[in-house]
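Since the structure comes first, as structure tokens, the remarks are kept for the end.
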Amino acid sequence: MTMNKEYQICTRCVMDTTDPEISFDEAGVCSHCRHFDEETKEVWFPNEEGAQKLRAILDHIKAEGAGKQYDCIIGLSGGADSSYLGLKASEWGLRPLVVHVDAGWNSELAVANIEAIVKHCHYDLHTHVVDWEDMRALQLSYLRAGVANQDVPQDHVFFASLYHFAIENDIKCILTGGNIATECIFPRAWHGSAMDAINLEAIHKRYGKEKLKSFTTISFFNLYIWYPFLKRMKTIRPLNYMNYSRTEAIAELEYKVGWRSYGHKHGESLFTKFFQNYYLPTRFGYDKRRPHFSSMIVSGQMTREEARAGLAERLYDPTDLDSDIHYFCKKLRISRAEFGDLMAAPIHHYSEFPNWDRRYRFLKILQKWIGNMTGNKLRVYS
Ligand SMILES: [Zn+2]
């Protein structure tokens, strides 16, 4: 990898050299497209085969959960993917424990959308409200650290809480709205895993001013060994067993539930909106629409022309941006000058702080080795 690589954009998707690890073949097609063709396609079933597999999975979940209060757990963020999953789970006759983790940044529309789903499906909603002082302290640490993935505190507590709820209620099956159709392409070089509690704690130790009181984390051992192998918990992504289209899902949600669209992705969290549309592009030059649109191109939901037209649209309306920064400062209790300092703090790569990368690589080697020995392909969801 050279530092001043010449600009290049894929001839099939819209990924470009803002991913420092991208490579291109003679036809100008990128490594992400190649990875999709060679590997991702193998685990994506937007067809009749998927429908059959999904039926078998649902039967298994129901049989395993028979006699229990819940047969699976779903985390509802208010976003399109998890809302659609919530609706489908009810139509499939599942009995999910529905959990919402409130990290303090919900938009009003997100709250209304969650309520609409819960009411329509007759779910009891279990809300975990994250201690705001913990959340604020962690988010300020991340801003001071100047790392790319500012969404780690939110994402981590979301999944960690989901696991804790599952364990508490003896639920073996976690359903998530994660899906290939809209998010299979993502440059690994952009940032590390939000599940890495070692990294989270190291960053807070270095930059944090207050001790965390009750922030829920999940350890590497629990996530990759204890829960999947000893507790036999599984994570299932049902949207990968159907021809999932976010546009059609939104139309169905609007029609059946009265759910309302955010207009752009991650309108459910004001922090995520600010992080993706302002922080990442201005500080790092990363535009998250690029991998998102590219995923939709390779999964056949968008043309390259539509993606290029989408990328040409501005990320933030200037008036919107100003009022969002105002809200952001007020919420985090910082002045506009402090905000300026944070946005100018030196940039760091997450790997400059202790992290689990070596453990993770070792686990992958071990998995492959056990897989070869037993003839089974062991898959831990990563
Ligand atoms: Zn490509």
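So you can find residues: chains in the structure tokens are A, B, ... in the order shown, residues in each start at 1, and ligands are numbered from 1 in order.
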
Residues contacting ligand 1 - anything with an atom at most 7 Å away, using only C-alpha atoms and all ligand atoms - can you give me those as a ChimeraX atom specification? /A:10-15,29-33,294

Now that the selection is made, can you save its residues with N, CA, C and O atoms as an mmCIF file, in the first residue's frame?
data_model
loop_
_atom_site.group_PDB
_atom_site.id
_atom_site.type_symbol
_atom_site.label_atom_id
_atom_site.label_comp_id
_atom_site.auth_asym_id
_atom_site.auth_seq_id
_atom_site.Cartn_x
_atom_site.Cartn_y
_atom_site.Cartn_z
ATOM 1 N N CYS A 10 -14.306 1.816 -8.459
ATOM 2 C CA CYS A 10 -14.688 0.545 -9.081
ATOM 3 C C CYS A 10 -15.619 0.779 -10.262
ATOM 4 O O CYS A 10 -16.462 1.670 -10.236
ATOM 5 N N THR A 11 -15.472 -0.045 -11.292
ATOM 6 C CA THR A 11 -16.312 0.121 -12.481
ATOM 7 C C THR A 11 -17.678 -0.550 -12.314
ATOM 8 O O THR A 11 -18.572 -0.366 -13.115
ATOM 9 N N ARG A 12 -17.817 -1.354 -11.219
ATOM 10 C CA ARG A 12 -19.111 -2.032 -11.003
ATOM 11 C C ARG A 12 -19.885 -1.407 -9.835
ATOM 12 O O ARG A 12 -21.059 -1.109 -9.939
ATOM 13 N N CYS A 13 -19.203 -1.205 -8.693
ATOM 14 C CA CYS A 13 -19.852 -0.542 -7.559
ATOM 15 C C CYS A 13 -19.284 0.875 -7.431
ATOM 16 O O CYS A 13 -18.713 1.391 -8.382
ATOM 17 N N VAL A 14 -19.458 1.512 -6.271
ATOM 18 C CA VAL A 14 -18.921 2.877 -6.128
ATOM 19 C C VAL A 14 -17.860 2.967 -5.028
ATOM 20 O O VAL A 14 -17.581 4.039 -4.517
ATOM 21 N N MET A 15 -17.247 1.803 -4.667
ATOM 22 C CA MET A 15 -16.152 1.858 -3.702
ATOM 23 C C MET A 15 -14.934 2.428 -4.415
ATOM 24 O O MET A 15 -14.732 2.220 -5.610
ATOM 25 N N VAL A 29 -12.618 -3.766 -11.664
ATOM 26 C CA VAL A 29 -13.590 -4.211 -10.657
ATOM 27 C C VAL A 29 -12.854 -4.417 -9.331
ATOM 28 O O VAL A 29 -11.743 -4.948 -9.303
ATOM 29 N N CYS A 30 -13.481 -3.978 -8.226
ATOM 30 C CA CYS A 30 -12.759 -3.912 -6.958
ATOM 31 C C CYS A 30 -12.806 -5.219 -6.162
ATOM 32 O O CYS A 30 -13.583 -6.131 -6.455
ATOM 33 N N SER A 31 -11.964 -5.263 -5.129
ATOM 34 C CA SER A 31 -11.848 -6.455 -4.272
ATOM 35 C C SER A 31 -13.151 -6.720 -3.507
ATOM 36 O O SER A 31 -13.463 -7.868 -3.188
ATOM 37 N N HIS A 32 -13.949 -5.682 -3.220
ATOM 38 C CA HIS A 32 -15.225 -5.902 -2.516
ATOM 39 C C HIS A 32 -16.210 -6.667 -3.417
ATOM 40 O O HIS A 32 -16.900 -7.566 -2.956
ATOM 41 N N CYS A 33 -16.262 -6.275 -4.680
ATOM 42 C CA CYS A 33 -17.149 -6.972 -5.630
ATOM 43 C C CYS A 33 -16.703 -8.428 -5.771
ATOM 44 O O CYS A 33 -17.532 -9.334 -5.816
ATOM 45 N N SER A 294 -22.932 0.549 -2.533
ATOM 46 C CA SER A 294 -22.224 -0.534 -3.221
ATOM 47 C C SER A 294 -22.850 -1.881 -2.881
ATOM 48 O O SER A 294 -22.986 -2.749 -3.749
#

So that I can check the surroundings of region 83-89 of chain A, please list as a list in words every protein, DNA and RNA residue that reaches within 8 Å of it, counting only C-alpha atoms and ignoring chain neighbours fewer than 5 positions away.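 The residues that qualify are Ile74, Leu76, Ser77, Gly78, Leu94, Arg95, Pro96, Asn113, Ile114, Ile117, Cys121, Thr176, Gly177, Pro238, Leu239, Ala249, Ile250 and Leu253 of chain A.
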
So that I have them on file, write out the residues from the current selection with all heavy atoms, as a tab-separated table (two decimals), in the first residue's frame.
chain	number	residue	atom	x	y	z
A	74	ILE	N	-35.32	-10.05	20.04
A	74	ILE	CA	-35.09	-9.08	18.95
A	74	ILE	C	-34.78	-7.72	19.57
A	74	ILE	O	-35.47	-7.29	20.48
A	74	ILE	CB	-36.34	-8.93	18.05
A	74	ILE	CG1	-36.62	-10.21	17.28
A	74	ILE	CG2	-36.18	-7.76	17.09
A	74	ILE	CD1	-37.87	-10.15	16.42
A	76	LEU	N	-34.92	-3.89	19.00
A	76	LEU	CA	-35.63	-2.96	18.14
A	76	LEU	C	-35.03	-1.56	18.30
A	76	LEU	O	-35.11	-0.96	19.36
A	76	LEU	CB	-37.10	-2.96	18.58
A	76	LEU	CG	-38.18	-2.56	17.59
A	76	LEU	CD1	-38.14	-3.40	16.33
A	76	LEU	CD2	-39.56	-2.68	18.24
A	77	SER	N	-34.41	-1.07	17.21
A	77	SER	CA	-33.79	0.26	17.31
A	77	SER	C	-34.73	1.34	16.78
A	77	SER	O	-34.53	2.53	17.02
A	77	SER	CB	-32.50	0.29	16.49
A	77	SER	OG	-32.82	0.17	15.10
A	78	GLY	N	-35.73	0.90	16.02
A	78	GLY	CA	-36.61	1.86	15.35
A	78	GLY	C	-36.24	2.02	13.89
A	78	GLY	O	-36.99	2.59	13.11
A	94	LEU	N	-43.66	-16.22	15.77
A	94	LEU	CA	-42.64	-16.32	16.83
A	94	LEU	C	-43.10	-15.55	18.06
A	94	LEU	O	-44.00	-14.72	17.98
A	94	LEU	CB	-41.30	-15.77	16.34
A	94	LEU	CG	-40.63	-16.53	15.19
A	94	LEU	CD1	-39.34	-15.84	14.77
A	94	LEU	CD2	-40.34	-17.98	15.59
A	95	ARG	N	-42.47	-15.84	19.19
A	95	ARG	CA	-42.80	-15.14	20.44
A	95	ARG	C	-41.54	-14.48	20.98
A	95	ARG	O	-40.92	-14.95	21.93
A	95	ARG	CB	-43.37	-16.14	21.46
A	95	ARG	CG	-44.72	-16.74	21.01
A	95	ARG	CD	-45.22	-17.81	21.96
A	95	ARG	NE	-44.37	-19.00	21.91
A	95	ARG	CZ	-43.59	-19.41	22.89
A	95	ARG	NH1	-43.55	-18.74	24.03
A	95	ARG	NH2	-42.87	-20.49	22.76
A	96	PRO	N	-41.14	-13.36	20.34
A	96	PRO	CA	-39.88	-12.74	20.75
A	96	PRO	C	-39.98	-11.90	22.02
A	96	PRO	O	-41.03	-11.31	22.29
A	96	PRO	CB	-39.55	-11.84	19.56
A	96	PRO	CG	-40.87	-11.48	18.96
A	96	PRO	CD	-41.79	-12.66	19.22
A	113	ASN	N	-41.98	5.17	15.91
A	113	ASN	CA	-41.93	3.95	15.10
A	113	ASN	C	-41.87	2.69	15.96
A	113	ASN	O	-42.51	1.69	15.66
A	113	ASN	CB	-40.75	4.01	14.14
A	113	ASN	CG	-41.04	4.88	12.93
A	113	ASN	OD1	-42.20	5.09	12.57
A	113	ASN	ND2	-40.00	5.40	12.31
A	114	ILE	N	-41.10	2.75	17.04
A	114	ILE	CA	-41.02	1.60	17.95
A	114	ILE	C	-42.40	1.33	18.56
A	114	ILE	O	-42.87	0.20	18.57
A	114	ILE	CB	-39.95	1.84	19.05
A	114	ILE	CG1	-38.56	1.84	18.43
A	114	ILE	CG2	-40.06	0.81	20.16
A	114	ILE	CD1	-37.46	2.35	19.34
A	117	ILE	N	-44.77	-0.40	16.03
A	117	ILE	CA	-44.49	-1.84	15.84
A	117	ILE	C	-45.02	-2.65	17.03
A	117	ILE	O	-45.71	-3.66	16.87
A	117	ILE	CB	-42.96	-2.09	15.73
A	117	ILE	CG1	-42.40	-1.47	14.47
A	117	ILE	CG2	-42.64	-3.59	15.79
A	117	ILE	CD1	-42.63	-2.26	13.22
A	121	CYS	N	-48.00	-5.43	16.77
A	121	CYS	CA	-47.68	-6.86	16.97
A	121	CYS	C	-48.06	-7.35	18.37
A	121	CYS	O	-47.81	-8.52	18.69
A	121	CYS	CB	-46.19	-7.10	16.74
A	121	CYS	SG	-45.62	-6.61	15.10
A	176	THR	N	-31.40	-10.89	14.36
A	176	THR	CA	-31.00	-9.51	14.07
A	176	THR	C	-31.40	-9.13	12.65
A	176	THR	O	-31.59	-9.98	11.78
A	176	THR	CB	-29.48	-9.25	14.23
A	176	THR	OG1	-28.83	-9.59	13.01
A	176	THR	CG2	-28.89	-10.03	15.38
A	177	GLY	N	-31.53	-7.83	12.46
A	177	GLY	CA	-31.90	-7.29	11.15
A	177	GLY	C	-30.69	-7.09	10.24
A	177	GLY	O	-30.82	-6.58	9.13
A	238	PRO	N	-32.51	-13.43	9.64
A	238	PRO	CA	-33.56	-13.93	8.73
A	238	PRO	C	-33.62	-13.18	7.40
A	238	PRO	O	-34.02	-13.75	6.40
A	238	PRO	CB	-34.85	-13.71	9.53
A	238	PRO	CG	-34.42	-13.65	10.95
A	238	PRO	CD	-33.07	-13.00	10.93
A	239	LEU	N	-33.22	-11.90	7.39
A	239	LEU	CA	-33.34	-11.13	6.15
A	239	LEU	C	-32.43	-11.65	5.04
A	239	LEU	O	-32.61	-11.32	3.87
A	239	LEU	CB	-33.08	-9.63	6.41
A	239	LEU	CG	-33.95	-8.96	7.49
A	239	LEU	CD1	-33.68	-7.47	7.54
A	239	LEU	CD2	-35.44	-9.21	7.26
A	249	ALA	N	-39.54	-3.01	2.08
A	249	ALA	CA	-39.81	-3.22	3.51
A	249	ALA	C	-40.44	-1.96	4.11
A	249	ALA	O	-41.41	-2.04	4.87
A	249	ALA	CB	-38.52	-3.58	4.24
A	250	ILE	N	-39.90	-0.80	3.76
A	250	ILE	CA	-40.43	0.46	4.28
A	250	ILE	C	-41.88	0.66	3.82
A	250	ILE	O	-42.75	1.03	4.61
A	250	ILE	CB	-39.52	1.65	3.87
A	250	ILE	CG1	-38.21	1.59	4.68
A	250	ILE	CG2	-40.22	2.99	4.08
A	250	ILE	CD1	-37.16	2.60	4.28
A	253	LEU	N	-44.03	-1.57	5.88
A	253	LEU	CA	-44.15	-1.05	7.25
A	253	LEU	C	-45.10	0.15	7.30
A	253	LEU	O	-45.91	0.28	8.22
A	253	LEU	CB	-42.77	-0.62	7.77
A	253	LEU	CG	-41.82	-1.73	8.24
A	253	LEU	CD1	-40.40	-1.20	8.39
A	253	LEU	CD2	-42.30	-2.33	9.56

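CA of Ile334 (chain A) to CA of Ser141 (chain A) spans 13.0 Å [interatomic distance, one decimal].
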
Would you mind telling me which residue in A:Arg290, A:His156, A:His100, A:Arg144 lies nearest to Val129 (chain A) when using only C-alpha atoms?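 Result for the nearest residue to Val129 (chain A): A:His100.
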
CA of Leu311 (chain A) and CA of Arg289 (chain A), how far apart in Å? 7.0 Å

Name the residues in contact with region 192-195 of chain A at a cut-off of 8 Å, using only C-alpha atoms, excluding same-chain residues fewer than 6 positions from it; report them as a PyMOL selection string. chain A and resi 149+151-153+155-156+159+218+350-351

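Shortest separation to Arg336 (chain A) among A:Asn277, A:Thr40, A:Ser295, A:Ser323 occurs at residue A:Ser323, atoms counted being only C-alpha atoms.
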
Could you check the closest approach to Ala112 (chain A) for each of A:Tyr262, A:Tyr278, A:Tyr244, A:Phe328 and tell me which residue wins, using only C-alpha atoms?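 Under the stated criterion, the closest residue is A:Tyr262.
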
Can you pull out every residue within 10 Å of Gly208 (chain A), counting only C-alpha atoms, but drop anything in the same chain fewer than 5 positions away, and send it as a list in words? Ala137, Leu138, Gln139, Leu140, Ser141, Tyr142, Arg144, Ala145, Glu201, Ala202 and Ile203 of chain A

From A:Tyr279, A:His120, A:His126, A:Asp59, residue lying nearest Gly340 (chain A) [only C-alpha atoms]: A:Tyr279

Residues flagged strand (DSSP E or B) by DSSP in region 121-151 of chain A, as an MDAnalysis selection string: chainID A and resid 125:129

Contacts of Ala166 (chain A) at 10 Å or less, counting only C-alpha atoms, minus same-chain residues fewer than 3 places along, as a PDB file with N, CA, C and O atoms, in the first residue's frame?
ATOM      1  N   TYR A  70     -40.603 -17.016  25.963  1.00  0.00           N
ATOM      2  CA  TYR A  70     -40.152 -16.444  24.688  1.00  0.00           C
ATOM      3  C   TYR A  70     -39.346 -17.484  23.920  1.00  0.00           C
ATOM      4  O   TYR A  70     -38.647 -18.294  24.540  1.00  0.00           O
ATOM      5  N   CYS A  72     -37.344 -16.367  21.184  1.00  0.00           N
ATOM      6  CA  CYS A  72     -36.200 -15.657  20.604  1.00  0.00           C
ATOM      7  C   CYS A  72     -36.176 -14.234  21.153  1.00  0.00           C
ATOM      8  O   CYS A  72     -37.084 -13.840  21.884  1.00  0.00           O
ATOM      9  N   ILE A  73     -35.129 -13.509  20.789  1.00  0.00           N
ATOM     10  CA  ILE A  73     -35.030 -12.110  21.244  1.00  0.00           C
ATOM     11  C   ILE A  73     -34.728 -11.220  20.039  1.00  0.00           C
ATOM     12  O   ILE A  73     -34.009 -11.629  19.119  1.00  0.00           O
ATOM     13  N   ILE A  74     -35.319 -10.047  20.039  1.00  0.00           N
ATOM     14  CA  ILE A  74     -35.089  -9.085  18.953  1.00  0.00           C
ATOM     15  C   ILE A  74     -34.781  -7.721  19.566  1.00  0.00           C
ATOM     16  O   ILE A  74     -35.471  -7.287  20.483  1.00  0.00           O
ATOM     17  N   LEU A  97     -38.870 -11.872  22.747  1.00  0.00           N
ATOM     18  CA  LEU A  97     -38.706 -10.846  23.779  1.00  0.00           C
ATOM     19  C   LEU A  97     -38.167  -9.634  23.011  1.00  0.00           C
ATOM     20  O   LEU A  97     -37.120  -9.714  22.359  1.00  0.00           O
ATOM     21  N   VAL A  99     -36.620  -6.006  22.814  1.00  0.00           N
ATOM     22  CA  VAL A  99     -35.819  -5.143  23.669  1.00  0.00           C
ATOM     23  C   VAL A  99     -35.433  -3.871  22.925  1.00  0.00           C
ATOM     24  O   VAL A  99     -35.068  -3.915  21.749  1.00  0.00           O
ATOM     25  N   ALA A 160     -24.499  -5.821  23.781  1.00  0.00           N
ATOM     26  CA  ALA A 160     -24.186  -6.402  25.091  1.00  0.00           C
ATOM     27  C   ALA A 160     -25.471  -6.547  25.913  1.00  0.00           C
ATOM     28  O   ALA A 160     -25.703  -7.587  26.545  1.00  0.00           O
ATOM     29  N   SER A 161     -26.343  -5.548  25.866  1.00  0.00           N
ATOM     30  CA  SER A 161     -27.591  -5.612  26.629  1.00  0.00           C
ATOM     31  C   SER A 161     -28.494  -6.720  26.089  1.00  0.00           C
ATOM     32  O   SER A 161     -29.158  -7.420  26.850  1.00  0.00           O
ATOM     33  N   LEU A 162     -28.491  -6.861  24.769  1.00  0.00           N
ATOM     34  CA  LEU A 162     -29.301  -7.903  24.142  1.00  0.00           C
ATOM     35  C   LEU A 162     -28.880  -9.281  24.669  1.00  0.00           C
ATOM     36  O   LEU A 162     -29.714 -10.116  25.031  1.00  0.00           O
ATOM     37  N   TYR A 163     -27.570  -9.509  24.724  1.00  0.00           N
ATOM     38  CA  TYR A 163     -27.065 -10.778  25.248  1.00  0.00           C
ATOM     39  C   TYR A 163     -27.466 -10.973  26.706  1.00  0.00           C
ATOM     40  O   TYR A 163     -27.858 -12.050  27.111  1.00  0.00           O
ATOM     41  N   ASN A 169     -33.235 -14.491  30.470  1.00  0.00           N
ATOM     42  CA  ASN A 169     -34.517 -15.118  30.163  1.00  0.00           C
ATOM     43  C   ASN A 169     -34.378 -16.492  29.506  1.00  0.00           C
ATOM     44  O   ASN A 169     -35.342 -17.007  28.945  1.00  0.00           O
ATOM     45  N   ASP A 170     -33.170 -17.043  29.561  1.00  0.00           N
ATOM     46  CA  ASP A 170     -32.915 -18.372  29.009  1.00  0.00           C
ATOM     47  C   ASP A 170     -33.340 -18.480  27.532  1.00  0.00           C
ATOM     48  O   ASP A 170     -33.987 -19.444  27.128  1.00  0.00           O
ATOM     49  N   ILE A 171     -32.972 -17.482  26.746  1.00  0.00           N
ATOM     50  CA  ILE A 171     -33.306 -17.480  25.313  1.00  0.00           C
ATOM     51  C   ILE A 171     -32.052 -17.855  24.525  1.00  0.00           C
ATOM     52  O   ILE A 171     -30.987 -17.288  24.746  1.00  0.00           O
ATOM     53  N   LYS A 172     -32.212 -18.814  23.611  1.00  0.00           N
ATOM     54  CA  LYS A 172     -31.040 -19.318  22.874  1.00  0.00           C
ATOM     55  C   LYS A 172     -30.853 -18.642  21.525  1.00  0.00           C
ATOM     56  O   LYS A 172     -29.831 -18.814  20.880  1.00  0.00           O
ATOM     57  N   CYS A 173     -31.867 -17.932  21.082  1.00  0.00           N
ATOM     58  CA  CYS A 173     -31.828 -17.466  19.700  1.00  0.00           C
ATOM     59  C   CYS A 173     -31.958 -15.947  19.619  1.00  0.00           C
ATOM     60  O   CYS A 173     -32.941 -15.379  20.079  1.00  0.00           O
ATOM     61  N   ILE A 174     -30.950 -15.333  19.033  1.00  0.00           N
ATOM     62  CA  ILE A 174     -30.973 -13.881  18.829  1.00  0.00           C
ATOM     63  C   ILE A 174     -31.258 -13.616  17.358  1.00  0.00           C
ATOM     64  O   ILE A 174     -30.534 -14.095  16.490  1.00  0.00           O
ATOM     65  N   MET A 233     -25.983 -20.497  22.236  1.00  0.00           N
ATOM     66  CA  MET A 233     -26.796 -19.399  21.697  1.00  0.00           C
ATOM     67  C   MET A 233     -26.441 -19.176  20.234  1.00  0.00           C
ATOM     68  O   MET A 233     -25.300 -19.314  19.834  1.00  0.00           O
TER      69      MET A 233
END

Atom pair CA of Ile347 (chain A) / CA of Arg333 (chain A): separation (Å):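 Calculated distance between CA of Ile347 (chain A) and CA of Arg333 (chain A) is 22.3 Å.
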
Who sits within 10 Å of Arg283 (chain A), only C-alpha atoms, same chain under 3 positions skipped, as a PyMOL selection string: chain A and resi 146-148+278-280+286+343-347

Using only C-alpha atoms, pick whichever of A:Ile198, A:Ala307, A:Leu332, A:Ile61 has the shortest atom-to-atom distance to Lys234 (chain A).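 Of A:Ile198, A:Ala307, A:Leu332, A:Ile61, the one nearest Lys234 (chain A), counting only C-alpha atoms, is A:Ile61.
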
List as a list in words the protein and nucleic acid residues near Gln8 (chain A), meaning an atom at most 9 Å away when only C-alpha atoms are counted, but skip any in the same chain fewer than 2 places from it.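 Residues near the query, excluding close chain neighbours: Lys5, Glu6, Cys10, Met15, Asp16, Thr17, Thr18, Phe24 and Gly28 of chain A.
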